[in-house]
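The file input_5.cif comes next; it holds mmCIF, C-alpha atoms.
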```cif
data_work
#
loop_
_atom_site.label_atom_id
_atom_site.label_comp_id
_atom_site.auth_asym_id
_atom_site.auth_seq_id
_atom_site.Cartn_x
_atom_site.Cartn_y
_atom_site.Cartn_z
CA MET A 1 0.00 0.00 0.00
CA ARG A 2 1.27 3.36 -0.93
CA TYR A 3 0.17 6.48 0.72
CA THR A 4 0.48 9.58 -1.45
CA ARG A 5 0.89 12.87 0.29
CA ARG A 6 -0.73 15.90 -1.26
CA SER A 7 1.82 18.53 -1.97
CA SER A 8 1.12 21.90 -0.31
CA ARG A 9 3.47 23.73 -2.58
CA GLY A 10 1.85 26.79 -4.21
CA MET A 11 -0.77 27.30 -1.44
CA ALA A 12 0.83 30.56 -0.32
CA LEU A 13 0.22 32.11 -3.70
CA VAL A 14 -3.40 31.05 -3.73
CA ILE A 15 -4.01 32.46 -0.24
CA VAL A 16 -2.38 35.76 -1.09
CA LEU A 17 -4.34 36.08 -4.29
CA ALA A 18 -7.55 35.46 -2.38
CA ILE A 19 -6.65 38.14 0.19
CA ALA A 20 -5.74 40.58 -2.58
CA THR A 21 -9.05 39.97 -4.33
CA ALA A 22 -10.95 40.58 -1.10
CA LEU A 23 -9.07 43.83 -0.52
CA LEU A 24 -9.78 45.01 -4.04
CA VAL A 25 -13.49 44.26 -3.69
CA MET A 26 -13.67 46.25 -0.44
CA GLY A 27 -11.79 49.16 -1.98
CA SER A 28 -13.97 49.29 -5.07
CA SER A 29 -17.20 49.21 -3.03
CA TYR A 30 -15.89 52.13 -0.95
CA LEU A 31 -15.10 53.99 -4.16
CA ARG A 32 -18.59 53.35 -5.49
CA THR A 33 -20.13 54.83 -2.33
CA PHE A 34 -18.09 57.99 -2.73
CA SER A 35 -18.92 58.32 -6.44
CA GLN A 36 -22.67 58.23 -5.67
CA SER A 37 -22.45 61.16 -3.26
CA ARG A 38 -21.07 63.53 -5.90
CA PRO A 39 -24.18 63.96 -8.09
CA VAL A 40 -26.32 64.05 -4.93
CA ASN A 41 -24.49 67.14 -3.67
CA VAL A 42 -25.33 69.02 -6.85
CA LYS A 43 -28.98 68.14 -6.36
CA ILE A 44 -28.82 69.29 -2.74
CA LEU A 45 -27.47 72.66 -3.83
CA GLU A 46 -30.22 73.05 -6.44
CA LYS A 47 -32.88 72.16 -3.89
CA VAL A 48 -31.59 74.70 -1.36
CA GLN A 49 -31.38 77.39 -4.05
CA ALA A 50 -34.94 76.61 -5.15
CA ASP A 51 -36.27 76.69 -1.57
CA LEU A 52 -34.72 80.07 -0.82
CA LEU A 53 -35.79 81.55 -4.14
CA ALA A 54 -39.36 80.34 -3.76
CA THR A 55 -39.54 81.86 -0.26
CA GLY A 56 -38.61 85.26 -1.66
CA LEU A 57 -41.03 85.01 -4.60
CA GLN A 58 -43.87 84.04 -2.27
CA ARG A 59 -43.26 87.19 -0.24
CA ILE A 60 -43.39 89.33 -3.38
CA ALA A 61 -46.69 87.66 -4.35
CA LEU A 62 -48.00 88.26 -0.84
CA LEU A 63 -47.08 91.93 -1.15
CA LYS A 64 -49.33 92.18 -4.19
CA PHE A 65 -52.22 90.51 -2.39
CA LYS A 66 -51.84 92.86 0.58
CA ARG A 67 -51.74 95.83 -1.76
CA PHE A 68 -54.77 94.88 -3.87
CA PRO A 69 -56.96 92.51 -1.84
CA GLU A 70 -60.22 93.79 -3.32
CA ASP A 71 -58.99 93.33 -6.90
CA PHE A 72 -57.94 89.81 -6.01
CA TYR A 73 -61.34 88.92 -4.56
CA HIS A 74 -63.20 90.42 -7.51
CA ALA A 75 -60.94 88.53 -9.92
CA CYS A 76 -61.47 85.26 -8.03
CA PHE A 77 -65.25 85.53 -7.89
CA PHE A 78 -65.36 86.42 -11.57
CA GLN A 79 -63.16 83.41 -12.29
CA PHE A 80 -65.51 81.14 -10.31
CA ALA A 81 -68.38 82.33 -12.51
CA TRP A 82 -66.28 82.01 -15.64
CA ASP A 83 -65.31 78.44 -14.83
CA ASN A 84 -68.94 77.44 -14.35
CA PRO A 85 -70.47 76.87 -17.81
CA THR A 86 -73.97 77.63 -16.51
CA LYS A 87 -72.93 80.90 -14.89
CA ARG A 88 -70.31 82.06 -17.39
CA PRO A 89 -70.56 85.82 -17.88
CA THR A 90 -71.97 86.74 -21.25
CA LEU A 91 -72.08 90.49 -20.95
CA PHE A 92 -68.34 90.94 -21.13
CA SER A 93 -65.50 88.68 -22.12
CA TYR A 94 -61.99 89.47 -21.14
CA SER A 95 -58.69 88.29 -22.47
CA PRO A 96 -56.71 87.94 -20.34
CA LEU A 97 -59.13 87.32 -17.50
CA PRO A 98 -58.80 89.47 -14.37
CA LEU A 99 -57.25 86.64 -12.37
CA GLU A 100 -54.77 85.93 -15.17
CA VAL A 101 -53.78 89.61 -15.05
CA PHE A 102 -53.45 89.45 -11.27
CA GLN A 103 -50.98 86.59 -11.41
CA GLY A 104 -49.38 87.57 -14.71
CA ASP A 105 -46.98 90.34 -13.71
CA PRO A 106 -43.50 89.83 -15.18
CA ILE A 107 -41.98 89.59 -11.71
CA LEU A 108 -44.39 86.76 -10.87
CA ARG A 109 -43.65 84.64 -13.94
CA ASN A 110 -39.93 84.95 -14.78
CA GLY A 111 -40.54 87.87 -17.10
CA ILE A 112 -37.75 90.16 -15.92
CA ALA A 113 -34.35 89.46 -17.46
CA GLY A 114 -31.55 89.26 -14.94
CA LEU A 115 -33.86 89.34 -11.95
CA LEU A 116 -32.47 86.13 -10.52
CA SER A 117 -28.88 86.54 -11.68
CA PRO A 118 -26.38 85.01 -11.12
CA LEU A 119 -28.68 82.02 -10.80
CA SER A 120 -30.08 80.70 -14.04
CA VAL A 121 -33.61 79.48 -13.58
CA ALA A 122 -35.48 77.74 -16.36
CA THR A 123 -38.92 79.05 -15.47
CA TYR A 124 -41.25 79.94 -12.62
CA SER A 125 -44.85 81.09 -12.32
CA THR A 126 -47.22 82.19 -9.58
CA THR A 127 -50.78 81.02 -8.95
CA TYR A 128 -53.23 82.50 -6.48
CA ARG A 129 -56.12 80.47 -5.11
CA LEU A 130 -58.95 81.49 -2.84
CA LEU A 131 -59.98 78.76 -0.44
CA SER A 132 -63.04 79.90 1.40
CA HIS A 133 -64.69 78.36 4.38
CA LYS A 134 -67.20 79.26 7.05
CA ALA A 135 -69.76 80.33 4.45
CA TYR A 136 -67.28 82.61 2.68
CA THR A 137 -66.77 84.81 5.74
CA ARG A 138 -63.29 83.48 6.29
CA ASP A 139 -60.76 82.85 3.56
CA SER A 140 -57.47 81.18 3.01
CA VAL A 141 -55.40 82.56 0.22
CA GLU A 142 -52.98 80.09 -1.27
CA ILE A 143 -49.98 81.35 -3.21
CA VAL A 144 -48.24 78.64 -5.20
CA ILE A 145 -44.87 79.16 -6.83
CA ASN A 146 -44.09 76.62 -9.57
CA LEU A 147 -40.35 76.65 -10.04
CA GLN A 148 -38.10 74.76 -12.43
CA MET A 149 -34.40 75.36 -11.86
CA THR A 150 -33.13 73.73 -15.05
CA ASN A 151 -34.76 72.17 -18.08
CA ARG A 152 -33.79 68.74 -16.79
CA THR A 153 -35.16 69.07 -13.27
CA PRO A 154 -38.84 68.57 -12.46
CA VAL A 155 -41.12 71.48 -11.59
CA GLN A 156 -41.30 72.03 -7.83
CA SER A 157 -44.33 73.61 -6.22
CA TYR A 158 -44.13 75.76 -3.10
CA ALA A 159 -47.43 76.68 -1.45
CA LEU A 160 -47.98 79.46 1.06
CA LYS A 161 -51.35 79.71 2.80
CA VAL A 162 -52.49 82.91 4.44
CA ASP A 163 -55.61 83.34 6.52
CA ALA A 164 -57.69 86.32 5.62
CA GLU A 165 -60.86 87.82 6.94
CA ARG A 166 -63.20 90.20 5.18
CA PHE A 167 -65.43 92.59 7.02
CA PHE A 168 -67.53 95.55 6.06
CA VAL A 169 -66.71 98.93 7.53
CA SER A 170 -69.70 101.17 7.52
CA PRO A 171 -68.96 104.75 6.48
CA MET B 1 13.75 8.91 6.16
CA THR B 2 10.79 11.24 5.84
CA SER B 3 10.46 14.03 3.34
CA ARG B 4 8.26 16.98 4.08
CA SER B 5 7.33 19.43 1.39
CA GLY B 6 6.80 23.03 2.38
CA THR B 7 6.94 26.49 1.00
CA THR B 8 10.00 27.53 -0.87
CA LEU B 9 11.68 30.87 -0.44
CA ILE B 10 10.85 31.87 -3.99
CA GLU B 11 7.21 31.08 -3.42
CA LEU B 12 7.18 33.21 -0.27
CA MET B 13 8.84 36.13 -1.98
CA LEU B 14 6.41 36.00 -4.89
CA ALA B 15 3.43 35.85 -2.53
CA PHE B 16 4.79 38.79 -0.56
CA LEU B 17 5.28 40.79 -3.72
CA ILE B 18 1.70 40.19 -4.84
CA LEU B 19 0.42 41.13 -1.40
CA VAL B 20 2.37 44.38 -1.40
CA ILE B 21 1.04 45.34 -4.84
CA ALA B 22 -2.54 44.60 -3.74
CA VAL B 23 -2.24 46.54 -0.50
CA LEU B 24 -0.68 49.54 -2.24
CA SER B 25 -3.48 49.57 -4.82
CA VAL B 26 -6.17 49.40 -2.19
CA SER B 27 -4.57 52.07 -0.07
CA GLY B 28 -4.44 54.31 -3.14
CA LEU B 29 -8.13 53.67 -3.76
CA ILE B 30 -9.03 54.41 -0.16
CA SER B 31 -6.93 57.55 -0.14
CA PHE B 32 -8.59 58.78 -3.34
CA GLY B 33 -12.02 58.03 -1.91
CA HIS B 34 -11.22 59.77 1.36
CA ARG B 35 -10.10 62.91 -0.45
CA GLY B 36 -13.32 62.91 -2.45
CA THR B 37 -15.38 62.42 0.70
CA GLN B 38 -13.66 65.36 2.35
CA LYS B 39 -14.30 67.48 -0.73
CA ASP B 40 -18.00 66.65 -0.70
CA PHE B 41 -18.16 67.32 3.03
CA ARG B 42 -16.73 70.80 2.50
CA MET B 43 -19.31 71.45 -0.20
CA VAL B 44 -22.14 70.43 2.12
CA GLN B 45 -20.70 72.72 4.79
CA GLY B 46 -20.56 75.56 2.28
CA ILE B 47 -24.20 74.97 1.31
CA GLN B 48 -25.27 74.99 4.96
CA LEU B 49 -23.37 78.21 5.58
CA MET B 50 -25.00 79.83 2.55
CA GLU B 51 -28.48 78.73 3.63
CA ASP B 52 -27.91 79.92 7.19
CA THR B 53 -26.73 83.34 6.03
CA ILE B 54 -29.68 83.91 3.69
CA ASN B 55 -32.14 82.80 6.36
CA ARG B 56 -30.65 85.35 8.75
CA PHE B 57 -31.18 88.06 6.16
CA LEU B 58 -34.77 86.94 5.59
CA VAL B 59 -35.46 87.10 9.31
CA ALA B 60 -33.91 90.55 9.67
CA SER B 61 -36.06 93.65 9.40
CA CYS B 62 -36.60 94.63 5.77
CA SER B 63 -36.52 98.31 6.66
CA GLN B 64 -33.01 97.84 8.07
CA LEU B 65 -31.96 96.16 4.84
CA LEU B 66 -33.43 99.02 2.83
CA THR B 67 -31.51 101.45 5.00
CA ALA B 68 -28.29 99.52 4.38
CA VAL B 69 -28.79 99.93 0.61
CA PRO B 70 -29.59 103.62 0.18
CA GLY B 71 -29.54 103.80 -3.62
CA THR B 72 -30.41 101.54 -6.51
CA THR B 73 -26.82 100.34 -6.95
CA PRO B 74 -26.16 96.90 -5.44
CA VAL B 75 -23.93 96.93 -2.38
CA THR B 76 -21.67 94.02 -1.46
CA PHE B 77 -20.91 93.36 2.19
CA ASP B 78 -17.79 91.43 3.22
CA THR B 79 -17.95 92.14 6.93
CA SER B 80 -20.62 91.35 9.47
CA MET B 81 -23.74 93.49 9.37
CA LEU B 82 -26.95 93.53 11.41
CA GLY B 83 -25.49 90.77 13.54
CA ILE B 84 -25.13 88.48 10.52
CA PRO B 85 -21.64 86.97 10.29
CA LEU B 86 -19.96 87.64 6.95
CA GLY B 87 -16.39 87.60 5.68
CA ALA B 88 -13.88 84.91 6.66
CA ILE B 89 -15.49 82.11 8.64
CA ARG B 90 -13.63 79.00 9.77
CA VAL B 91 -15.60 75.79 9.99
CA GLY B 92 -13.53 72.83 11.07
CA SER B 93 -10.29 73.02 9.16
CA THR B 94 -11.65 74.99 6.19
CA ASP B 95 -11.79 78.75 5.73
CA TYR B 96 -14.90 79.99 3.97
CA THR B 97 -15.51 83.49 2.67
CA VAL B 98 -19.13 84.63 2.87
CA SER B 99 -20.30 87.73 1.05
CA ALA B 100 -23.74 89.23 0.60
CA THR B 101 -24.91 91.59 -2.14
CA LEU B 102 -28.07 93.58 -1.44
CA ALA B 103 -29.96 95.57 -4.03
CA ARG B 104 -33.23 97.45 -3.98
CA GLN B 105 -35.57 95.71 -6.41
CA SER B 106 -38.26 97.64 -8.23
CA VAL B 107 -41.55 95.79 -8.61
CA SER B 108 -44.61 96.76 -10.62
CA PHE B 109 -48.05 95.19 -10.18
CA SER B 110 -51.01 95.27 -12.55
CA THR B 111 -54.63 94.47 -11.83
CA ARG B 112 -58.00 94.78 -13.52
CA GLU B 113 -60.06 96.99 -11.28
CA LEU B 114 -63.78 96.49 -10.92
CA ASP B 115 -65.40 99.34 -12.81
CA ILE B 116 -68.68 100.33 -11.20
CA THR B 117 -68.84 103.82 -12.64
CA THR B 118 -69.61 102.71 -16.20
CA SER B 119 -71.34 99.47 -15.31
CA PRO B 120 -74.38 98.44 -17.29
CA PRO B 121 -77.92 98.56 -15.87
CA GLU B 122 -77.73 94.83 -15.27
CA TYR B 123 -74.96 95.34 -12.75
CA ASN B 124 -75.55 93.32 -9.63
CA LYS B 125 -72.90 93.33 -6.94
CA ASN B 126 -73.80 89.76 -6.01
CA ASP B 127 -73.59 88.44 -9.58
CA PRO B 128 -70.04 88.37 -11.01
CA ALA B 129 -71.47 87.74 -14.46
CA THR B 130 -72.58 91.40 -14.52
CA TRP B 131 -69.29 92.85 -13.41
CA ARG B 132 -67.23 95.08 -15.67
CA PHE B 133 -63.47 95.36 -15.29
CA SER B 134 -61.23 98.16 -16.45
CA ALA B 135 -58.08 97.63 -18.48
CA ALA B 136 -55.02 96.39 -16.65
CA THR B 137 -53.18 99.26 -15.02
CA ASN B 138 -50.31 99.77 -12.65
CA ARG B 139 -52.64 101.54 -10.33
CA ASN B 140 -50.65 102.39 -7.22
CA GLY B 141 -48.61 99.27 -7.76
CA LYS B 142 -45.18 100.61 -8.67
CA PHE B 143 -42.74 100.17 -5.83
CA ASP B 144 -39.80 101.71 -7.66
CA GLY B 145 -38.73 104.44 -5.30
CA VAL B 146 -40.47 107.04 -7.48
CA ALA B 147 -44.20 106.31 -7.43
CA LEU B 148 -43.97 104.40 -4.17
CA PRO B 149 -41.00 103.61 -1.91
CA HIS B 150 -39.05 100.42 -2.49
CA ARG B 151 -40.37 97.43 -0.61
CA VAL B 152 -38.27 94.59 -1.98
CA VAL B 153 -34.57 93.87 -1.42
CA LYS B 154 -32.76 91.28 -3.51
CA ILE B 155 -30.35 89.21 -1.42
CA HIS B 156 -27.50 87.38 -3.11
CA VAL B 157 -25.21 85.34 -0.85
CA ALA B 158 -22.04 83.65 -2.10
CA VAL B 159 -19.75 81.30 -0.18
CA THR B 160 -16.29 80.51 -1.53
CA TRP B 161 -13.46 78.31 -0.32
CA GLN B 162 -10.21 76.90 -1.63
CA GLU B 163 -9.61 73.23 -2.44
CA ALA B 164 -6.02 72.56 -1.39
CA LEU B 165 -5.40 69.65 -3.75
CA HIS B 166 -5.52 71.45 -7.10
CA ASN B 167 -5.72 74.97 -5.68
CA VAL B 168 -9.21 75.37 -7.14
CA GLN B 169 -11.69 77.88 -5.76
CA ARG B 170 -15.20 76.53 -5.26
CA ARG B 171 -18.32 78.63 -4.93
CA VAL B 172 -21.96 78.19 -4.00
CA GLU B 173 -24.51 80.99 -4.15
CA ALA B 174 -28.21 81.61 -3.76
CA VAL B 175 -30.71 84.40 -4.31
CA SER B 176 -33.81 85.39 -2.38
CA PHE B 177 -35.92 88.47 -1.65
CA ALA B 178 -36.77 90.28 1.55
CA VAL B 179 -40.09 92.13 1.40
CA ASP B 180 -41.50 94.81 3.63
CA LEU B 181 -45.05 93.62 4.30
CA THR B 182 -45.94 96.23 6.89
CA PRO B 183 -49.18 98.12 6.08
#
```
Produce structure tokens that represent the structure in this file.
Amino acid sequence: MRYTRRSSRGMALVIVLAIATALLVMGSSYLRTFSQSRPVNVKILEKVQADLLATGLQRIALLKFKRFPEDFYHACFFQFAWDNPTKRPTLFSYSPLPLEVFQGDPILRNGIAGLLSPLSVATYSTTYRLLSHKAYTRDSVEIVINLQMTNRTPVQSYALKVDAERFFVSP
Amino acid sequence: MTSRSGTTLIELMLAFLILVIAVLSVSGLISFGHRGTQKDFRMVQGIQLMEDTINRFLVASCSQLLTAVPGTTPVTFDTSMLGIPLGAIRVGSTDYTVSATLARQSVSFSTRELDITTSPPEYNKNDPATWRFSAATNRNGKFDGVALPHRVVKIHVAVTWQEALHNVQRRVEAVSFAVDLTP
């Protein structure tokens, strides 16, 4: 009977190669983690820029509402009638409609060149909505800024709600 | 007589050489990744600093901002103002430079006013279908410092810092508006 002994020559190389492969796999996974954070940081910057810009634009829109509340209410009620096919005004037709004029100023819809420089913004617009409750004696005015930073990013909406109350002051 | 086979010197040296090459490669990868991570961390810090500075301006009194910018020419501030830290700011081991440019912004609003003076006989204040509107005008809506005083200040904040590796200057900036909403 002959017993053959398995030769262990060459095992050191195999073990080292296995360790080297494991190290390379760990290193490449670490590298992949770092490479994913780079494009995310650009998105974070865009988001912060959009948030701050929208805050400022909402305040400008609020200034207009505070300056011309009666024109806003008249425009809204006319729009409600206009949107209802059975109550649509027939005496007068307007183009643009009063509410479209109210929210159509150049400063409210990216119509002023260089206003937002050095930022380059693809487009933004402002929408006013009247949300009434308590039998129309109490209102919420919603100002929505629709902002698109670049042509590749989606449109982000920023809503600001303000409580308002109307009351009659007798002369 | 027994013979035992083991590892030869040449085999050991070759294995050691391969191990050294692998470890050096991995350490290079990790070092590269670490530098990139630090770079991204500095960018996030810069963004936070920029956001913090603009928020401080938005919280500040708009009338004070209007006072700080007397004319229509934009004014850049490199030193602290109104309690808002500007200029050289050290965060961790990085020096950031924060600057703010303020400018009075003219705004002009248009509306269609309800016209009750030339309304038709069918006019009914409770029926919007009978309402008549005038043409769009800038009726008392020009805050340009001429018709009405300025009410809007444009705020532009920029944060810059230096990347030591390639001596590159990096910059993040944002724009917002402070508005005087007092009656």
Worksheet item: Applied to this file, what does the PyMOL selection byres ((chain A and resi 116) around 12) return in terms of residues, put as number ranges by chain?
Response: A: 49-50, 52-54, 56-57, 107-115, 117-124, 149; B: 103, 105, 154-156, 173-177
Only C-alpha atoms, please: the residues just picked out, written as a PDB file, keeping the file's coordinate frame.
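part_0.pdb was written with the following content:
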```pdb
ATOM      1  CA  GLN A  49     -31.380  77.390  -4.050  1.00  0.00           C
ATOM      2  CA  ALA A  50     -34.940  76.610  -5.150  1.00  0.00           C
ATOM      3  CA  LEU A  52     -34.720  80.070  -0.820  1.00  0.00           C
ATOM      4  CA  LEU A  53     -35.790  81.550  -4.140  1.00  0.00           C
ATOM      5  CA  ALA A  54     -39.360  80.340  -3.760  1.00  0.00           C
ATOM      6  CA  GLY A  56     -38.610  85.260  -1.660  1.00  0.00           C
ATOM      7  CA  LEU A  57     -41.030  85.010  -4.600  1.00  0.00           C
ATOM      8  CA  ILE A 107     -41.980  89.590 -11.710  1.00  0.00           C
ATOM      9  CA  LEU A 108     -44.390  86.760 -10.870  1.00  0.00           C
ATOM     10  CA  ARG A 109     -43.650  84.640 -13.940  1.00  0.00           C
ATOM     11  CA  ASN A 110     -39.930  84.950 -14.780  1.00  0.00           C
ATOM     12  CA  GLY A 111     -40.540  87.870 -17.100  1.00  0.00           C
ATOM     13  CA  ILE A 112     -37.750  90.160 -15.920  1.00  0.00           C
ATOM     14  CA  ALA A 113     -34.350  89.460 -17.460  1.00  0.00           C
ATOM     15  CA  GLY A 114     -31.550  89.260 -14.940  1.00  0.00           C
ATOM     16  CA  LEU A 115     -33.860  89.340 -11.950  1.00  0.00           C
ATOM     17  CA  SER A 117     -28.880  86.540 -11.680  1.00  0.00           C
ATOM     18  CA  PRO A 118     -26.380  85.010 -11.120  1.00  0.00           C
ATOM     19  CA  LEU A 119     -28.680  82.020 -10.800  1.00  0.00           C
ATOM     20  CA  SER A 120     -30.080  80.700 -14.040  1.00  0.00           C
ATOM     21  CA  VAL A 121     -33.610  79.480 -13.580  1.00  0.00           C
ATOM     22  CA  ALA A 122     -35.480  77.740 -16.360  1.00  0.00           C
ATOM     23  CA  THR A 123     -38.920  79.050 -15.470  1.00  0.00           C
ATOM     24  CA  TYR A 124     -41.250  79.940 -12.620  1.00  0.00           C
ATOM     25  CA  MET A 149     -34.400  75.360 -11.860  1.00  0.00           C
TER      26      MET A 149
ATOM     27  CA  ALA B 103     -29.960  95.570  -4.030  1.00  0.00           C
ATOM     28  CA  GLN B 105     -35.570  95.710  -6.410  1.00  0.00           C
ATOM     29  CA  LYS B 154     -32.760  91.280  -3.510  1.00  0.00           C
ATOM     30  CA  ILE B 155     -30.350  89.210  -1.420  1.00  0.00           C
ATOM     31  CA  HIS B 156     -27.500  87.380  -3.110  1.00  0.00           C
ATOM     32  CA  GLU B 173     -24.510  80.990  -4.150  1.00  0.00           C
ATOM     33  CA  ALA B 174     -28.210  81.610  -3.760  1.00  0.00           C
ATOM     34  CA  VAL B 175     -30.710  84.400  -4.310  1.00  0.00           C
ATOM     35  CA  SER B 176     -33.810  85.390  -2.380  1.00  0.00           C
ATOM     36  CA  PHE B 177     -35.920  88.470  -1.650  1.00  0.00           C
TER      37      PHE B 177
END
```
Worksheet item: Applied to this file, what does the PyMOL selection byres ((chain B and resi 97) around 6) return in terms of residues, put as a VMD selection string?
Response: chain B and resid 87 to 88 96 98 159 to 160
Discussion item. With the PyMOL selection byres ((chain B and resi 61) around 12) as the selection, what would be picked from this file? Answer as a list in words, please.
Written reply: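 With the PyMOL selection byres ((chain B and resi 61) around 12) on this model, the match is Asn55, Arg56, Phe57, Leu58, Val59, Ala60, Cys62, Ser63, Gln64, Leu65, Leu66, Thr67, Ala68, Leu82, Gly83, Arg151, Val152, Val153, Ala178, Val179, Asp180, Leu181 and Thr182 of chain B.
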Item to complete: Rank nothing, just name the residue among A:Ala18, A:Ala159, A:Leu24, A:Leu130 nearest to chain B, using all atoms listed in the file.
Response: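 Closest to chain B of all the choices is A:Leu24.
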Practice prompt. Would you mind telling me which residue in B:Leu12, B:Val26, B:Val157, B:Ala100 lies nearest to Leu23 of chain A when using only C-alpha atoms?
Written response: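 The answer is B:Val26, which sits nearest to Leu23 of chain A.
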Practice prompt. Please measure the separation of atom CA of Gly141 of chain B and atom CA of Ser108 of chain B, giving the value in Å to one decimal.
Written response: 5.5 Å
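The space between atom CA of Ile145 of chain A and atom CA of Ser125 of chain A spans 5.8 Å.
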Worksheet item: What is the distance, in Å and to one decimal place, between atom CA of Pro74 of chain B and atom CA of Leu102 of chain B?
Response: 5.5 Å
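Compared by their closest atoms to Thr130 of chain B, and using all atoms listed in the file, the residues A:Ala81, A:Leu99, A:Ala164, A:Val14 rank with A:Ala81 nearest.
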Discussion item. Give me the residues near Gly27 of chain A as number ranges by chain, where near means some atom within 9 Å (using only C-alpha atoms) and where sequence neighbours in that chain fewer than 5 positions away do not count.
Written reply: A: 22, 32; B: 25-27, 29-30, 33
Worksheet entry | Which residue of A:Arg138, A:Arg129, A:Lys47, A:Lys87 approaches chain B most closely, using all atoms listed in the file | A:Lys87
Discussion item. Which residue is closest to Glu163 of chain B? Choose from B:Met81, B:Met43, B:Leu19, B:Val91 and count only C-alpha atoms.
Written reply: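 Closest candidate: B:Met43.
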Worksheet item: In file coordinates, which residues lie within 10 Å of (-49.9, 88.9, -1.3) using only C-alpha atoms, given as a list in words?
Response: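 Collected hits near the coordinates: Gln58, Arg59, Ile60, Ala61, Leu62, Leu63, Lys64, Phe65, Lys66, Arg67, Phe68, Pro69, Phe72, Tyr128, Val141, Glu142, Ile143, Leu160 and Val162 of chain A; Leu181 of chain B.
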Item to complete: May I ask which of the residues B:Pro121, B:Glu11, B:Asp115, B:Pro149 is the closest one to Phe133 of chain B, counting all atoms listed in the file?
Response: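 Smallest distance to Phe133 of chain B is found for B:Asp115.
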Kindly compute an axis-aligned box around the listed atoms of segment 47-57 of chain B, allowing 5 Å on each side, and express its centre and edge lengths in Å to one decimal as lines of an AutoDock Vina configuration file.
```
center_x = -27.8
center_y = 81.5
center_z = 5.0
size_x = 18.8
size_y = 23.1
size_z = 17.4
```
